[in-house]
$ cat protein17.cif   # mmCIF, C-alpha atoms
data_data
loop_
_atom_site.label_atom_id
_atom_site.label_comp_id
_atom_site.auth_asym_id
_atom_site.auth_seq_id
_atom_site.Cartn_x
_atom_site.Cartn_y
_atom_site.Cartn_z
CA MET A 1 0.85 18.08 -7.00
CA ASN A 2 4.53 17.61 -6.21
CA ALA A 3 4.57 14.33 -4.32
CA LEU A 4 2.87 10.97 -4.18
CA GLY A 5 2.52 8.92 -1.01
CA MET A 6 1.28 5.41 -0.36
CA ILE A 7 0.78 2.89 2.40
CA GLU A 8 0.13 -0.85 2.06
CA VAL A 9 -1.50 -2.60 5.03
CA THR A 10 -2.29 -6.27 5.82
CA SER A 11 -5.69 -5.48 7.32
CA ILE A 12 -8.63 -3.92 5.50
CA PRO A 13 -10.17 -2.30 8.63
CA LYS A 14 -6.77 -0.99 9.75
CA GLY A 15 -6.11 0.26 6.21
CA VAL A 16 -9.38 2.21 6.18
CA GLU A 17 -8.54 3.69 9.58
CA ALA A 18 -5.02 4.60 8.43
CA GLY A 19 -6.40 6.19 5.25
CA ASP A 20 -8.77 8.31 7.29
CA ALA A 21 -5.89 9.43 9.50
CA MET A 22 -3.83 10.29 6.41
CA LEU A 23 -6.55 12.52 4.98
CA LYS A 24 -7.10 14.26 8.33
CA ALA A 25 -3.38 14.82 8.99
CA ALA A 26 -2.64 17.18 6.11
CA THR A 27 -4.08 18.81 3.01
CA VAL A 28 -3.68 16.04 0.44
CA GLU A 29 -5.78 14.60 -2.38
CA LEU A 30 -6.87 10.97 -2.34
CA ILE A 31 -5.97 9.12 -5.53
CA SER A 32 -7.04 5.66 -4.39
CA ALA A 33 -8.09 3.79 -1.26
CA GLN A 34 -9.05 0.19 -1.88
CA SER A 35 -8.80 -3.41 -0.84
CA ILE A 36 -6.55 -5.57 -2.96
CA CYS A 37 -5.79 -9.26 -3.25
CA ALA A 38 -4.65 -11.27 -0.31
CA GLY A 39 -6.77 -9.13 2.04
CA LYS A 40 -4.54 -6.07 1.89
CA TYR A 41 -5.51 -2.40 1.68
CA ILE A 42 -3.73 0.48 -0.03
CA VAL A 43 -4.08 4.24 0.26
CA ILE A 44 -2.48 6.55 -2.32
CA ILE A 45 -2.41 10.32 -1.89
CA THR A 46 -0.87 13.31 -3.63
CA GLY A 47 -0.05 16.89 -2.69
CA GLU A 48 2.80 19.13 -1.63
CA VAL A 49 5.87 17.22 -0.40
CA ALA A 50 5.61 18.23 3.28
CA ALA A 51 1.88 17.47 3.40
CA VAL A 52 2.36 14.05 1.79
CA GLU A 53 5.18 13.22 4.20
CA GLU A 54 3.01 14.23 7.18
CA SER A 55 0.06 12.27 5.81
CA VAL A 56 2.07 9.08 5.21
CA ALA A 57 3.63 9.35 8.69
CA ALA A 58 0.12 9.52 10.19
CA GLY A 59 -0.97 6.49 8.16
CA LYS A 60 2.08 4.49 9.21
CA LYS A 61 1.46 5.33 12.87
CA VAL A 62 -2.16 4.15 12.74
CA ALA A 63 -1.31 1.04 10.69
CA GLY A 64 1.28 0.00 13.27
CA GLN A 65 2.33 -3.62 12.92
CA LYS A 66 -0.17 -4.15 10.09
CA LEU A 67 1.97 -1.90 7.83
CA ILE A 68 3.59 -3.80 4.96
CA ASP A 69 5.25 -0.90 3.17
CA ALA A 70 5.03 2.86 2.71
CA MET A 71 6.65 5.38 0.42
CA VAL A 72 6.81 9.04 -0.55
CA ILE A 73 8.04 10.15 -3.96
CA SER A 74 8.99 13.83 -4.07
CA HIS A 75 8.51 15.39 -7.51
CA VAL A 76 6.67 12.38 -8.87
CA HIS A 77 6.52 12.13 -12.66
CA PRO A 78 3.06 13.26 -13.92
CA GLN A 79 2.54 9.96 -15.76
CA VAL A 80 2.62 7.93 -12.53
CA PRO A 81 -0.75 8.96 -10.99
CA LYS A 82 -2.37 8.65 -14.42
CA ALA A 83 -0.93 5.14 -14.90
CA ILE A 84 -2.21 4.07 -11.47
CA ASN A 85 -5.66 4.97 -12.73
CA ALA A 86 -4.92 3.58 -16.24
CA CYS A 87 -5.53 7.00 -17.85
CA ASN A 88 -2.40 7.47 -19.95
CA GLU A 89 -2.88 7.70 -23.71
CA ILE A 90 -0.38 5.68 -25.71
CA GLY A 91 0.58 6.22 -29.35
CA ASP A 92 2.62 3.90 -31.55
CA VAL A 93 4.27 0.97 -29.78
CA ALA A 94 7.84 0.05 -30.79
CA ALA A 95 8.55 -2.04 -27.68
CA ILE A 96 6.84 -2.98 -24.46
CA GLY A 97 8.43 -3.38 -21.05
CA VAL A 98 6.82 -5.23 -18.17
CA MET A 99 8.08 -5.20 -14.56
CA GLU A 100 6.56 -7.31 -11.79
CA ALA A 101 6.89 -6.52 -8.07
CA PHE A 102 6.05 -8.25 -4.80
CA SER A 103 5.46 -4.90 -3.08
CA LEU A 104 2.91 -2.44 -4.42
CA CYS A 105 4.89 0.50 -3.04
CA ALA A 106 8.03 -0.81 -4.78
CA ALA A 107 6.08 -1.02 -8.05
CA VAL A 108 5.14 2.67 -7.86
CA VAL A 109 8.73 3.66 -7.00
CA ALA A 110 10.04 1.53 -9.90
CA ALA A 111 7.51 3.04 -12.32
CA ASP A 112 8.52 6.58 -11.34
CA ALA A 113 12.22 5.77 -11.79
CA ALA A 114 11.54 4.09 -15.13
CA VAL A 115 9.59 6.97 -16.64
CA LYS A 116 12.20 9.49 -15.44
CA ALA A 117 15.11 7.47 -16.89
CA ALA A 118 14.22 7.53 -20.59
CA ALA A 119 11.65 8.64 -23.15
CA VAL A 120 8.94 6.08 -22.40
CA ASP A 121 5.22 6.20 -21.73
CA LEU A 122 3.65 4.34 -18.83
CA ILE A 123 0.70 2.25 -19.93
CA ASP A 124 -0.45 0.96 -16.55
CA ILE A 125 0.60 0.42 -12.95
CA ARG A 126 -1.59 -2.49 -11.89
CA LEU A 127 -1.71 -2.74 -8.11
CA GLY A 128 -2.72 -6.04 -6.61
CA ARG A 129 -6.22 -6.66 -7.95
CA GLY A 130 -6.45 -10.26 -9.11
CA LEU A 131 -2.68 -10.63 -8.78
CA GLY A 132 -2.26 -12.38 -5.44
CA GLY A 133 -0.95 -9.18 -3.90
CA LYS A 134 1.66 -8.50 -6.59
CA ALA A 135 1.86 -5.53 -8.94
CA PHE A 136 3.07 -4.97 -12.46
CA ILE A 137 4.03 -2.00 -14.59
CA THR A 138 3.73 -1.80 -18.38
CA LEU A 139 5.45 0.86 -20.43
CA THR A 140 6.27 1.55 -24.06
CA GLY A 141 8.83 3.38 -26.16
CA GLU A 142 11.79 2.65 -28.39
CA VAL A 143 13.60 -0.60 -27.53
CA ALA A 144 16.70 1.08 -26.02
CA ALA A 145 14.58 3.49 -23.97
CA VAL A 146 12.41 0.67 -22.62
CA ARG A 147 15.54 -1.32 -21.65
CA ALA A 148 17.04 1.73 -19.89
CA SER A 149 13.76 2.36 -18.08
CA ILE A 150 13.44 -1.25 -16.89
CA ASP A 151 17.05 -1.15 -15.65
CA ALA A 152 16.40 2.11 -13.79
CA GLY A 153 13.18 0.84 -12.23
CA THR A 154 14.52 -2.51 -11.10
CA SER A 155 17.78 -1.11 -9.71
CA LYS A 156 16.29 1.45 -7.28
CA PRO A 157 17.65 0.70 -3.78
CA GLU A 158 14.11 0.85 -2.34
CA CYS A 159 13.10 -1.94 -4.73
CA LYS A 160 15.94 -4.40 -4.07
CA GLY A 161 14.52 -7.85 -3.33
CA LEU A 162 10.98 -6.64 -4.05
CA MET A 163 11.04 -6.88 -7.84
CA ALA A 164 10.25 -10.17 -9.56
CA GLU A 165 10.53 -10.68 -13.32
CA SER A 166 10.92 -8.05 -16.01
CA VAL A 167 10.96 -8.27 -19.78
CA VAL A 168 11.42 -6.07 -22.85
CA ILE A 169 9.49 -7.13 -25.97
CA PRO A 170 10.58 -5.47 -29.23
CA HIS A 171 7.83 -5.10 -31.86
CA PRO A 172 5.04 -6.78 -29.84
CA HIS A 173 2.20 -8.45 -31.68
CA PRO A 174 -0.80 -6.10 -32.06
CA GLU A 175 -3.06 -8.52 -30.15
CA MET A 176 -0.70 -8.40 -27.15
CA ILE A 177 -0.77 -4.60 -27.26
CA LYS A 178 -4.58 -4.67 -27.15
CA ALA A 179 -4.49 -7.15 -24.27
CA LEU A 180 -2.49 -4.69 -22.17
CA TYR A 181 -5.05 -1.90 -22.44
#
$ encode --input "protein17.cif" --output "structure tokens"
Amino acid sequence: MNALGMIEVTSIPKGVEAGDAMLKAATVELISAQSICAGKYIVIITGEVAAVEESVAAGKKVAGQKLIDAMVISHVHPQVPKAINACNEIGDVAAIGVMEAFSLCAAVVAADAAVKAAAVDLIDIRLGRGLGGKAFITLTGEVAAVRASIDAGTSKPECKGLMAESVVIPHPHPEMIKALY
């Protein structure tokens, strides 16, 4: 896996159709295809860069005017797909960072930039379920690393205007750490 691709669509039936087209267009692996809050649908795939680009292009074409957003991340950080599925293992927590996004695609782009910017671990990339169509990213590391990661994630050009609040919490209370898992 070199790349990660995603589409976000305003229609569940059109999202399913676009996802099918994505999987038929190129040799890619499906990470997730699901309805999310506010009646949207997302499809996330992984594979070689060219295949992911071809797959996302096919999904965008089928989605047409129902497309909200789409993205391809070449050389995606290995923690990103795991965090989308909440499978990352986290050790000691010195600080926690939380970023909130209006676009699910922007959240994934921000998470990838954040984890590449400093020595942090992604805890979760929560995409739209029970969030009114928003997304949020949680990560952990030393305070300075978490701050650098949040800055990197929120300043990506693809994320401008699509990120909401973000916060860095040094030495979080153990109950808050448990609540994030």
$ atom_distance --input "protein17.cif" --atom1 "atom CA of A:Met6" --atom2 "atom CA of A:Val108"
8.9 Å
$ resolve_selection --input "protein17.cif" --expression "the PyMOL selection byres ((chain A and resi 167) around 9)" --output "JSON, numbers by chain"
{"A": [96, 97, 98, 99, 147, 150, 165, 166, 168, 169]}
$ residues_near_point --input "protein17.cif" --point "(-0.2, 0.8, -14.0)" --cutoff "6 Å" --atoms "all atoms listed in the file" --output "ChimeraX atom specification"
/A:83-84,86,124-126,137
$ resolve_selection --input "protein17.cif" --expression "the PyMOL selection byres ((chain A and resi 69) around 8)" --output "compact mmCIF listing (two decimals) with C-alpha atoms, in the coordinates of the input"
# COMPACT_ATOMS: atom_id res chain seq x y z
CA ILE A 7 0.78 2.89 2.40
CA GLU A 8 0.13 -0.85 2.06
CA VAL A 9 -1.50 -2.60 5.03
CA LEU A 67 1.97 -1.90 7.83
CA ILE A 68 3.59 -3.80 4.96
CA ALA A 70 5.03 2.86 2.71
CA MET A 71 6.65 5.38 0.42
CA SER A 103 5.46 -4.90 -3.08
CA CYS A 105 4.89 0.50 -3.04
$ resolve_selection --input "protein17.cif" --expression "the PyMOL selection byres ((chain A and resi 66) around 12)" --output "list of chain:residue names"
A:Ile7, A:Glu8, A:Val9, A:Thr10, A:Ser11, A:Ile12, A:Pro13, A:Lys14, A:Gly15, A:Val16, A:Glu17, A:Ala18, A:Gly39, A:Lys40, A:Tyr41, A:Ile42, A:Gly59, A:Lys60, A:Lys61, A:Val62, A:Ala63, A:Gly64, A:Gln65, A:Leu67, A:Ile68, A:Asp69, A:Ala70
$ closest_residue --input "protein17.cif" --among "A:Leu30, A:Ala117, A:Leu4, A:Leu180" --to "A:Glu53" --atoms "all atoms listed in the file"
A:Leu4
$ atom_distance --input "protein17.cif" --atom1 "atom CA of A:Ser32" --atom2 "atom CA of A:Glu89"
19.9 Å
$ residues_around --input "protein17.cif" --residues "stretch 154-159 of chain A" --least-positions-apart "6" --cutoff "8 Å" --atoms "all atoms listed in the file" --output "PyMOL selection string"
chain A and resi 99+106-107+109-110+113
$ atom_distance --input "protein17.cif" --atom1 "atom CA of A:Thr27" --atom2 "atom CA of A:Val43"
14.8 Å
$ residues_around --input "protein17.cif" --residues "stretch 74-77 of chain A" --least-positions-apart "5" --cutoff "6 Å" --atoms "all atoms listed in the file" --output "PyMOL selection string"
chain A and resi 2-3+49
$ write_last_selection --input "protein17.cif" --atoms "C-alpha atoms" --output "PDB file, in the frame of the given file"
ATOM      1  CA  ASN A   2       4.530  17.610  -6.210  1.00  0.00           C
ATOM      2  CA  ALA A   3       4.570  14.330  -4.320  1.00  0.00           C
ATOM      3  CA  VAL A  49       5.870  17.220  -0.400  1.00  0.00           C
TER       4      VAL A  49
END
$ decode --input "protein17.cif" --residues "stretch 102-117 of chain A" --atoms "all heavy atoms" --output "mmCIF file, in the first residue's frame"
data_model
loop_
_atom_site.group_PDB
_atom_site.id
_atom_site.type_symbol
_atom_site.label_atom_id
_atom_site.label_comp_id
_atom_site.auth_asym_id
_atom_site.auth_seq_id
_atom_site.Cartn_x
_atom_site.Cartn_y
_atom_site.Cartn_z
ATOM 1 N N PHE A 102 -14.713 19.890 9.179
ATOM 2 C CA PHE A 102 -16.038 19.875 8.552
ATOM 3 C C PHE A 102 -16.085 18.873 7.403
ATOM 4 O O PHE A 102 -17.136 18.368 7.067
ATOM 5 C CB PHE A 102 -16.406 21.271 8.034
ATOM 6 C CG PHE A 102 -16.503 22.301 9.117
ATOM 7 C CD1 PHE A 102 -15.585 23.329 9.182
ATOM 8 C CD2 PHE A 102 -17.492 22.231 10.075
ATOM 9 C CE1 PHE A 102 -15.664 24.282 10.183
ATOM 10 C CE2 PHE A 102 -17.576 23.175 11.080
ATOM 11 C CZ PHE A 102 -16.663 24.208 11.134
ATOM 12 N N SER A 103 -14.937 18.610 6.791
ATOM 13 C CA SER A 103 -14.837 17.674 5.669
ATOM 14 C C SER A 103 -14.121 16.424 6.139
ATOM 15 O O SER A 103 -13.051 16.506 6.760
ATOM 16 C CB SER A 103 -14.050 18.311 4.519
ATOM 17 O OG SER A 103 -13.553 17.328 3.637
ATOM 18 N N LEU A 104 -14.666 15.268 5.839
ATOM 19 C CA LEU A 104 -14.038 14.014 6.223
ATOM 20 C C LEU A 104 -12.736 13.807 5.460
ATOM 21 O O LEU A 104 -11.750 13.325 6.021
ATOM 22 C CB LEU A 104 -14.989 12.852 6.013
ATOM 23 C CG LEU A 104 -16.040 12.683 7.115
ATOM 24 C CD1 LEU A 104 -16.926 13.873 7.308
ATOM 25 C CD2 LEU A 104 -16.854 11.456 6.887
ATOM 26 N N CYS A 105 -12.707 14.172 4.188
ATOM 27 C CA CYS A 105 -11.474 14.071 3.406
ATOM 28 C C CYS A 105 -10.395 14.970 4.003
ATOM 29 O O CYS A 105 -9.236 14.567 4.121
ATOM 30 C CB CYS A 105 -11.729 14.442 1.942
ATOM 31 S SG CYS A 105 -12.687 13.217 1.031
ATOM 32 N N ALA A 106 -10.764 16.186 4.396
ATOM 33 C CA ALA A 106 -9.793 17.102 5.004
ATOM 34 C C ALA A 106 -9.253 16.523 6.308
ATOM 35 O O ALA A 106 -8.068 16.684 6.624
ATOM 36 C CB ALA A 106 -10.424 18.467 5.257
ATOM 37 N N ALA A 107 -10.086 15.823 7.053
ATOM 38 C CA ALA A 107 -9.628 15.213 8.309
ATOM 39 C C ALA A 107 -8.548 14.176 8.052
ATOM 40 O O ALA A 107 -7.544 14.113 8.770
ATOM 41 C CB ALA A 107 -10.804 14.584 9.051
ATOM 42 N N VAL A 108 -8.712 13.365 7.024
ATOM 43 C CA VAL A 108 -7.722 12.331 6.708
ATOM 44 C C VAL A 108 -6.424 12.986 6.231
ATOM 45 O O VAL A 108 -5.331 12.580 6.637
ATOM 46 C CB VAL A 108 -8.269 11.328 5.675
ATOM 47 C CG1 VAL A 108 -7.200 10.330 5.257
ATOM 48 C CG2 VAL A 108 -9.490 10.595 6.247
ATOM 49 N N VAL A 109 -6.527 14.013 5.409
ATOM 50 C CA VAL A 109 -5.342 14.741 4.935
ATOM 51 C C VAL A 109 -4.614 15.374 6.128
ATOM 52 O O VAL A 109 -3.387 15.290 6.243
ATOM 53 C CB VAL A 109 -5.732 15.812 3.890
ATOM 54 C CG1 VAL A 109 -4.574 16.754 3.600
ATOM 55 C CG2 VAL A 109 -6.210 15.151 2.604
ATOM 56 N N ALA A 110 -5.364 15.995 7.035
ATOM 57 C CA ALA A 110 -4.768 16.631 8.216
ATOM 58 C C ALA A 110 -4.093 15.601 9.115
ATOM 59 O O ALA A 110 -3.003 15.839 9.645
ATOM 60 C CB ALA A 110 -5.830 17.402 8.996
ATOM 61 N N ALA A 111 -4.719 14.445 9.284
ATOM 62 C CA ALA A 111 -4.133 13.390 10.122
ATOM 63 C C ALA A 111 -2.818 12.894 9.527
ATOM 64 O O ALA A 111 -1.838 12.695 10.261
ATOM 65 C CB ALA A 111 -5.112 12.232 10.280
ATOM 66 N N ASP A 112 -2.783 12.705 8.215
ATOM 67 C CA ASP A 112 -1.555 12.255 7.564
ATOM 68 C C ASP A 112 -0.448 13.298 7.738
ATOM 69 O O ASP A 112 0.685 12.954 8.075
ATOM 70 C CB ASP A 112 -1.820 11.985 6.080
ATOM 71 C CG ASP A 112 -0.600 11.423 5.364
ATOM 72 O OD1 ASP A 112 -0.172 10.303 5.715
ATOM 73 O OD2 ASP A 112 -0.080 12.113 4.467
ATOM 74 N N ALA A 113 -0.764 14.571 7.534
ATOM 75 C CA ALA A 113 0.233 15.630 7.709
ATOM 76 C C ALA A 113 0.712 15.694 9.150
ATOM 77 O O ALA A 113 1.912 15.872 9.407
ATOM 78 C CB ALA A 113 -0.355 16.976 7.288
ATOM 79 N N ALA A 114 -0.200 15.524 10.088
ATOM 80 C CA ALA A 114 0.148 15.606 11.513
ATOM 81 C C ALA A 114 1.108 14.502 11.918
ATOM 82 O O ALA A 114 2.115 14.759 12.586
ATOM 83 C CB ALA A 114 -1.127 15.544 12.359
ATOM 84 N N VAL A 115 0.829 13.276 11.514
ATOM 85 C CA VAL A 115 1.666 12.154 11.930
ATOM 86 C C VAL A 115 3.019 12.160 11.213
ATOM 87 O O VAL A 115 4.000 11.620 11.729
ATOM 88 C CB VAL A 115 0.922 10.810 11.766
ATOM 89 C CG1 VAL A 115 0.848 10.372 10.322
ATOM 90 C CG2 VAL A 115 1.534 9.732 12.628
ATOM 91 N N LYS A 116 3.101 12.802 10.063
ATOM 92 C CA LYS A 116 4.377 12.925 9.355
ATOM 93 C C LYS A 116 5.229 14.073 9.901
ATOM 94 O O LYS A 116 6.430 14.107 9.684
ATOM 95 C CB LYS A 116 4.131 13.147 7.859
ATOM 96 C CG LYS A 116 3.650 11.903 7.136
ATOM 97 C CD LYS A 116 3.334 12.211 5.687
ATOM 98 C CE LYS A 116 2.909 10.969 4.919
ATOM 99 N NZ LYS A 116 2.454 11.300 3.552
ATOM 100 N N ALA A 117 4.615 15.026 10.606
ATOM 101 C CA ALA A 117 5.317 16.233 11.040
ATOM 102 C C ALA A 117 6.154 16.048 12.296
ATOM 103 O O ALA A 117 7.139 16.762 12.482
ATOM 104 C CB ALA A 117 4.306 17.359 11.268
#
